[in-house]
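**Student:** Structure file entry-v2.txt (compact mmCIF, N, CA and C atoms) right here:
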```txt
# COMPACT_ATOMS: atom_id res chain seq x y z
N LEU A 1 110.39 111.27 151.12
CA LEU A 1 111.30 112.12 151.86
C LEU A 1 112.33 111.23 152.56
N PHE A 2 113.52 111.75 152.67
CA PHE A 2 114.60 111.00 153.31
C PHE A 2 114.74 111.43 154.76
N SER A 3 115.41 110.59 155.54
CA SER A 3 115.55 110.83 156.98
C SER A 3 116.27 112.14 157.29
N ASP A 4 117.06 112.67 156.34
CA ASP A 4 117.75 113.94 156.58
C ASP A 4 116.92 115.15 156.14
N GLY A 5 115.64 114.90 155.76
CA GLY A 5 114.75 115.99 155.38
C GLY A 5 114.79 116.37 153.92
N THR A 6 115.64 115.72 153.14
CA THR A 6 115.73 116.05 151.71
C THR A 6 114.67 115.29 150.92
N ALA A 7 114.42 115.77 149.74
CA ALA A 7 113.48 115.13 148.82
C ALA A 7 114.17 114.98 147.48
N LYS A 8 113.78 113.95 146.74
CA LYS A 8 114.36 113.67 145.43
C LYS A 8 113.24 113.21 144.51
N GLU A 9 113.21 113.69 143.28
CA GLU A 9 112.21 113.26 142.31
C GLU A 9 112.64 111.88 141.79
N VAL A 10 111.78 110.86 141.99
CA VAL A 10 112.14 109.48 141.67
C VAL A 10 111.13 108.80 140.73
N THR A 11 110.38 109.59 139.99
CA THR A 11 109.33 109.04 139.12
C THR A 11 109.86 107.96 138.18
N GLU A 12 110.95 108.25 137.47
CA GLU A 12 111.47 107.30 136.47
C GLU A 12 112.10 106.07 137.08
N GLU A 13 112.30 106.06 138.38
CA GLU A 13 112.89 104.90 139.07
C GLU A 13 111.85 104.12 139.85
N SER A 14 110.59 104.49 139.74
CA SER A 14 109.52 103.89 140.53
C SER A 14 108.67 102.95 139.69
N THR A 15 107.89 102.12 140.37
CA THR A 15 106.95 101.21 139.74
C THR A 15 105.54 101.65 140.09
N PHE A 16 104.69 101.78 139.08
CA PHE A 16 103.33 102.29 139.27
C PHE A 16 102.31 101.19 139.02
N GLU A 17 101.15 101.34 139.67
CA GLU A 17 100.07 100.37 139.49
C GLU A 17 98.72 101.05 139.69
N SER A 18 97.74 100.61 138.90
CA SER A 18 96.36 101.04 139.06
C SER A 18 95.57 99.88 139.62
N GLU A 19 94.85 100.12 140.71
CA GLU A 19 94.04 99.07 141.32
C GLU A 19 92.88 98.66 140.43
N THR A 20 92.42 99.59 139.58
CA THR A 20 91.30 99.32 138.69
C THR A 20 91.72 99.67 137.26
N PRO A 21 92.46 98.78 136.59
CA PRO A 21 92.98 99.09 135.27
C PRO A 21 91.92 99.34 134.20
N ALA A 22 90.69 98.93 134.44
CA ALA A 22 89.63 99.24 133.48
C ALA A 22 89.26 100.72 133.54
N VAL A 23 89.52 101.38 134.65
CA VAL A 23 89.22 102.80 134.83
C VAL A 23 90.42 103.65 134.45
N ALA A 24 91.60 103.25 134.91
CA ALA A 24 92.81 104.05 134.67
C ALA A 24 94.02 103.15 134.48
N SER A 25 94.82 103.51 133.49
CA SER A 25 96.10 102.81 133.31
C SER A 25 97.20 103.78 133.69
N VAL A 26 98.33 103.24 134.13
CA VAL A 26 99.47 104.08 134.50
C VAL A 26 100.72 103.45 133.91
N SER A 27 101.56 104.27 133.29
CA SER A 27 102.71 103.74 132.55
C SER A 27 103.89 103.39 133.46
N ASN A 28 104.54 102.30 133.11
CA ASN A 28 105.77 101.87 133.78
C ASN A 28 106.94 101.87 132.82
N SER A 29 106.75 102.47 131.65
CA SER A 29 107.85 102.64 130.72
C SER A 29 107.98 104.14 130.47
N PRO A 30 109.17 104.60 130.15
CA PRO A 30 109.37 106.06 130.02
C PRO A 30 108.39 106.69 129.04
N PRO A 31 107.78 107.77 129.40
CA PRO A 31 107.83 108.40 130.72
C PRO A 31 106.91 107.67 131.70
N ARG A 32 107.43 107.31 132.82
CA ARG A 32 106.66 106.60 133.85
C ARG A 32 105.68 107.54 134.54
N GLY A 33 104.63 106.94 135.11
CA GLY A 33 103.69 107.70 135.91
C GLY A 33 102.63 108.44 135.13
N ILE A 34 102.54 108.23 133.81
CA ILE A 34 101.49 108.88 133.02
C ILE A 34 100.20 108.09 133.21
N VAL A 35 99.18 108.76 133.73
CA VAL A 35 97.89 108.12 133.99
C VAL A 35 96.93 108.44 132.85
N THR A 36 96.26 107.42 132.36
CA THR A 36 95.26 107.59 131.31
C THR A 36 93.91 107.14 131.86
N ALA A 37 92.94 108.06 131.87
CA ALA A 37 91.58 107.72 132.30
C ALA A 37 90.89 107.01 131.15
N LEU A 38 90.44 105.79 131.37
CA LEU A 38 89.85 104.98 130.31
C LEU A 38 88.34 105.01 130.30
N THR A 39 87.74 105.20 131.46
CA THR A 39 86.29 105.26 131.58
C THR A 39 85.97 105.97 132.89
N SER A 40 84.72 106.33 133.08
CA SER A 40 84.33 107.00 134.32
C SER A 40 84.46 106.07 135.51
N GLY A 41 84.91 106.60 136.63
CA GLY A 41 85.03 105.83 137.85
C GLY A 41 86.23 106.29 138.65
N SER A 42 86.55 105.53 139.68
CA SER A 42 87.69 105.85 140.53
C SER A 42 88.66 104.68 140.56
N SER A 43 89.91 104.99 140.77
CA SER A 43 90.93 103.95 140.91
C SER A 43 91.98 104.42 141.91
N ARG A 44 92.42 103.51 142.72
CA ARG A 44 93.52 103.78 143.63
C ARG A 44 94.81 103.53 142.84
N LEU A 45 95.72 104.50 142.88
CA LEU A 45 97.01 104.38 142.20
C LEU A 45 98.09 104.22 143.25
N SER A 46 99.09 103.41 142.93
CA SER A 46 100.21 103.26 143.85
C SER A 46 101.52 103.38 143.09
N ALA A 47 102.53 103.85 143.82
CA ALA A 47 103.88 103.95 143.27
C ALA A 47 104.84 103.43 144.33
N THR A 48 105.79 102.61 143.88
CA THR A 48 106.75 102.01 144.81
C THR A 48 108.16 102.41 144.41
N TYR A 49 108.94 102.80 145.43
CA TYR A 49 110.34 103.17 145.26
C TYR A 49 111.07 102.83 146.55
N GLY A 50 112.21 102.20 146.43
CA GLY A 50 113.04 101.91 147.60
C GLY A 50 112.32 101.13 148.68
N GLY A 51 111.41 100.25 148.28
CA GLY A 51 110.70 99.44 149.26
C GLY A 51 109.54 100.14 149.95
N ARG A 52 109.28 101.39 149.59
CA ARG A 52 108.17 102.15 150.16
C ARG A 52 107.11 102.37 149.09
N THR A 53 105.84 102.47 149.51
CA THR A 53 104.74 102.66 148.58
C THR A 53 103.91 103.86 148.99
N ALA A 54 103.57 104.66 148.01
CA ALA A 54 102.65 105.79 148.19
C ALA A 54 101.39 105.50 147.39
N THR A 55 100.25 105.95 147.89
CA THR A 55 98.99 105.73 147.18
C THR A 55 98.21 107.04 147.07
N THR A 56 97.37 107.08 146.07
CA THR A 56 96.44 108.19 145.88
C THR A 56 95.21 107.63 145.17
N THR A 57 94.15 108.39 145.15
CA THR A 57 92.95 108.00 144.44
C THR A 57 92.68 109.03 143.34
N MET A 58 92.39 108.54 142.15
CA MET A 58 92.02 109.43 141.05
C MET A 58 90.61 109.10 140.61
N THR A 59 89.90 110.13 140.19
CA THR A 59 88.53 109.96 139.71
C THR A 59 88.46 110.45 138.28
N ALA A 60 87.92 109.62 137.41
CA ALA A 60 87.71 109.99 136.00
C ALA A 60 86.23 110.30 135.81
N THR A 61 85.95 111.44 135.23
CA THR A 61 84.58 111.86 134.99
C THR A 61 84.33 111.95 133.49
N PRO A 62 83.09 111.77 133.06
CA PRO A 62 82.81 111.88 131.63
C PRO A 62 82.98 113.31 131.15
N ALA A 63 83.37 113.44 129.90
CA ALA A 63 83.44 114.77 129.30
C ALA A 63 82.03 115.34 129.19
N VAL A 64 81.89 116.63 129.39
CA VAL A 64 80.60 117.31 129.35
C VAL A 64 80.59 118.25 128.15
N LEU A 65 79.52 118.21 127.37
CA LEU A 65 79.38 119.10 126.22
C LEU A 65 79.35 120.54 126.70
N THR A 66 80.27 121.36 126.19
CA THR A 66 80.33 122.76 126.61
C THR A 66 80.00 123.73 125.50
N SER A 67 80.11 123.29 124.24
CA SER A 67 79.77 124.20 123.15
C SER A 67 79.62 123.44 121.84
N LEU A 68 79.03 124.13 120.88
CA LEU A 68 78.91 123.63 119.50
C LEU A 68 79.47 124.70 118.58
N ARG A 69 79.98 124.27 117.42
CA ARG A 69 80.44 125.27 116.45
C ARG A 69 80.22 124.76 115.03
N PHE A 70 79.94 125.70 114.15
CA PHE A 70 79.83 125.41 112.73
C PHE A 70 81.22 125.43 112.10
N GLU A 71 81.43 124.57 111.11
CA GLU A 71 82.63 124.63 110.27
C GLU A 71 82.16 124.60 108.83
N PRO A 72 82.50 125.57 108.02
CA PRO A 72 83.31 126.73 108.37
C PRO A 72 82.52 127.69 109.24
N ALA A 73 83.24 128.51 110.00
CA ALA A 73 82.60 129.45 110.92
C ALA A 73 81.82 130.51 110.16
N THR A 74 82.34 130.94 109.03
CA THR A 74 81.64 131.90 108.18
C THR A 74 81.83 131.48 106.73
N SER A 75 80.89 131.82 105.90
CA SER A 75 81.02 131.55 104.47
C SER A 75 79.99 132.40 103.73
N SER A 76 80.11 132.41 102.44
CA SER A 76 79.10 133.07 101.62
C SER A 76 78.78 132.15 100.46
N LEU A 77 77.54 132.17 100.07
CA LEU A 77 77.08 131.35 98.95
C LEU A 77 76.41 132.25 97.93
N ALA A 78 76.62 131.95 96.69
CA ALA A 78 75.92 132.67 95.62
C ALA A 78 74.46 132.22 95.64
N ALA A 79 73.57 133.11 95.36
CA ALA A 79 72.14 132.79 95.32
C ALA A 79 71.92 131.62 94.36
N GLY A 80 71.13 130.65 94.82
CA GLY A 80 70.81 129.50 93.99
C GLY A 80 71.80 128.36 94.11
N THR A 81 72.86 128.51 94.96
CA THR A 81 73.83 127.43 95.14
C THR A 81 73.70 126.83 96.53
N SER A 82 74.36 125.73 96.74
CA SER A 82 74.32 125.04 98.03
C SER A 82 75.73 124.94 98.60
N GLY A 83 75.81 124.74 99.90
CA GLY A 83 77.10 124.54 100.56
C GLY A 83 76.92 123.63 101.76
N ALA A 84 77.98 122.98 102.14
CA ALA A 84 77.92 122.06 103.27
C ALA A 84 78.54 122.69 104.50
N TYR A 85 77.93 122.45 105.64
CA TYR A 85 78.46 122.86 106.93
C TYR A 85 78.61 121.62 107.80
N LEU A 86 79.58 121.65 108.65
CA LEU A 86 79.73 120.60 109.66
C LEU A 86 79.41 121.20 111.01
N LEU A 87 78.85 120.42 111.89
CA LEU A 87 78.61 120.86 113.26
C LEU A 87 79.52 120.06 114.15
N ARG A 88 80.37 120.74 114.89
CA ARG A 88 81.31 120.08 115.81
C ARG A 88 80.83 120.26 117.25
N ALA A 89 80.86 119.16 117.99
CA ALA A 89 80.53 119.21 119.41
C ALA A 89 81.81 119.12 120.20
```
Written as structure tokens, how would this file's structure read?

**Tutor:**
Amino acid sequence: LFSDGTAKEVTEESTFESETPAVASVSNSPPRGIVTALTSGSSRLSATYGGRTATTTMTATPAVLTSLRFEPATSSLAAGTSGAYLLRA
């Protein structure tokens, strides 16, 4: 925020950093500020613009199995024949 109360989006003009790059990476090339969670854990992220720095903490959690599905979802087989199904998690 500026001293006159205005705000300006400055993402592409800022420099980003992850305190724990093994947990999260953050891009400094267009598009800037894209965070990628690499493994479970937490990382402090910082962004610098105009000599000022803002920080936040992000937490990456493991994906949790929510469903299973057969592929193909439906099929028919002639008696005495075989068919393959895949199970997707």

**Student:** Report, in Å with one decimal, the straight-line distance from atom N of Gly41 of chain A to atom N of Phe16 of chain A.

**Tutor:**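 Here the two named atoms are 20.5 Å from each other.
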
**Student:** To one decimal in Å, tell me the separation between atom CA of Leu1 of chain A and atom C of Thr56 of chain A.

**Tutor:**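 These atoms are spaced 18.0 Å apart.
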
**Student:** Name the residues in contact with Val10 of chain A at a cut-off of 10 Å, using only C-alpha atoms, excluding same-chain residues fewer than 4 positions from it; report them as a list of chain:residue names.

**Tutor:**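 That gives A:Ser14, A:Thr15, A:Arg32, A:Thr48, A:Tyr49, A:Gly50.
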
**Student:** For atom C of Asn28 of chain A and atom C of Ser46 of chain A, quote the distance in Å rounded to one decimal.

**Tutor:**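 Between these atoms lies a distance of 11.7 Å.
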
**Student:** Give me the residues near segment 69-77 of chain A as a PyMOL selection string, where near means some atom within 6.5 Å (using all atoms listed in the file) and where sequence neighbours in that chain fewer than 2 positions away do not count.

**Tutor:** chain A and resi 67+79-81+84-89

**Student:** So, counting all atoms listed in the file, which residue among A:Leu65, A:Ser29, A:Gly83, A:Thr39 is closest to Glu12 of chain A?

**Tutor:**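 Smallest distance to Glu12 of chain A is found for A:Ser29.
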
**Student:** Could you pull out the residues in segment 2-64 of chain A that DSSP calls strand (DSSP E) from the backbone, as a VMD selection string?

**Tutor:** chain A and resid 15 to 18 24 to 26 35 to 37 41 to 49 52 to 60

**Student:** Go through A:Ser18, A:Ser25, A:Val64, A:Phe2 and flag the residue nearest Arg52 of chain A, using only C-alpha atoms for the distances.

**Tutor:**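 Closest to Arg52 of chain A, using only C-alpha atoms: A:Phe2.
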
**Student:** Near Glu19 of chain A, counting only C-alpha atoms, which residues have an atom at most 8 Å away, once you skip same-chain residues fewer than 5 positions from it, shown as a list in words?

**Tutor:**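 Answer for this query is Ser43, Arg44, Leu45 and Ser46 of chain A.
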
**Student:** I need the chosen residues saved as a PDB file, in the frame of the given file, with N, CA and C atoms.

**Tutor:**
```
ATOM      1  N   SER A  43      89.910 104.990 140.770  1.00  0.00           N
ATOM      2  CA  SER A  43      90.930 103.950 140.910  1.00  0.00           C
ATOM      3  C   SER A  43      91.980 104.420 141.910  1.00  0.00           C
ATOM      4  N   ARG A  44      92.420 103.510 142.720  1.00  0.00           N
ATOM      5  CA  ARG A  44      93.520 103.780 143.630  1.00  0.00           C
ATOM      6  C   ARG A  44      94.810 103.530 142.840  1.00  0.00           C
ATOM      7  N   LEU A  45      95.720 104.500 142.880  1.00  0.00           N
ATOM      8  CA  LEU A  45      97.010 104.380 142.200  1.00  0.00           C
ATOM      9  C   LEU A  45      98.090 104.220 143.250  1.00  0.00           C
ATOM     10  N   SER A  46      99.090 103.410 142.930  1.00  0.00           N
ATOM     11  CA  SER A  46     100.210 103.260 143.850  1.00  0.00           C
ATOM     12  C   SER A  46     101.520 103.380 143.090  1.00  0.00           C
TER      13      SER A  46
END
```
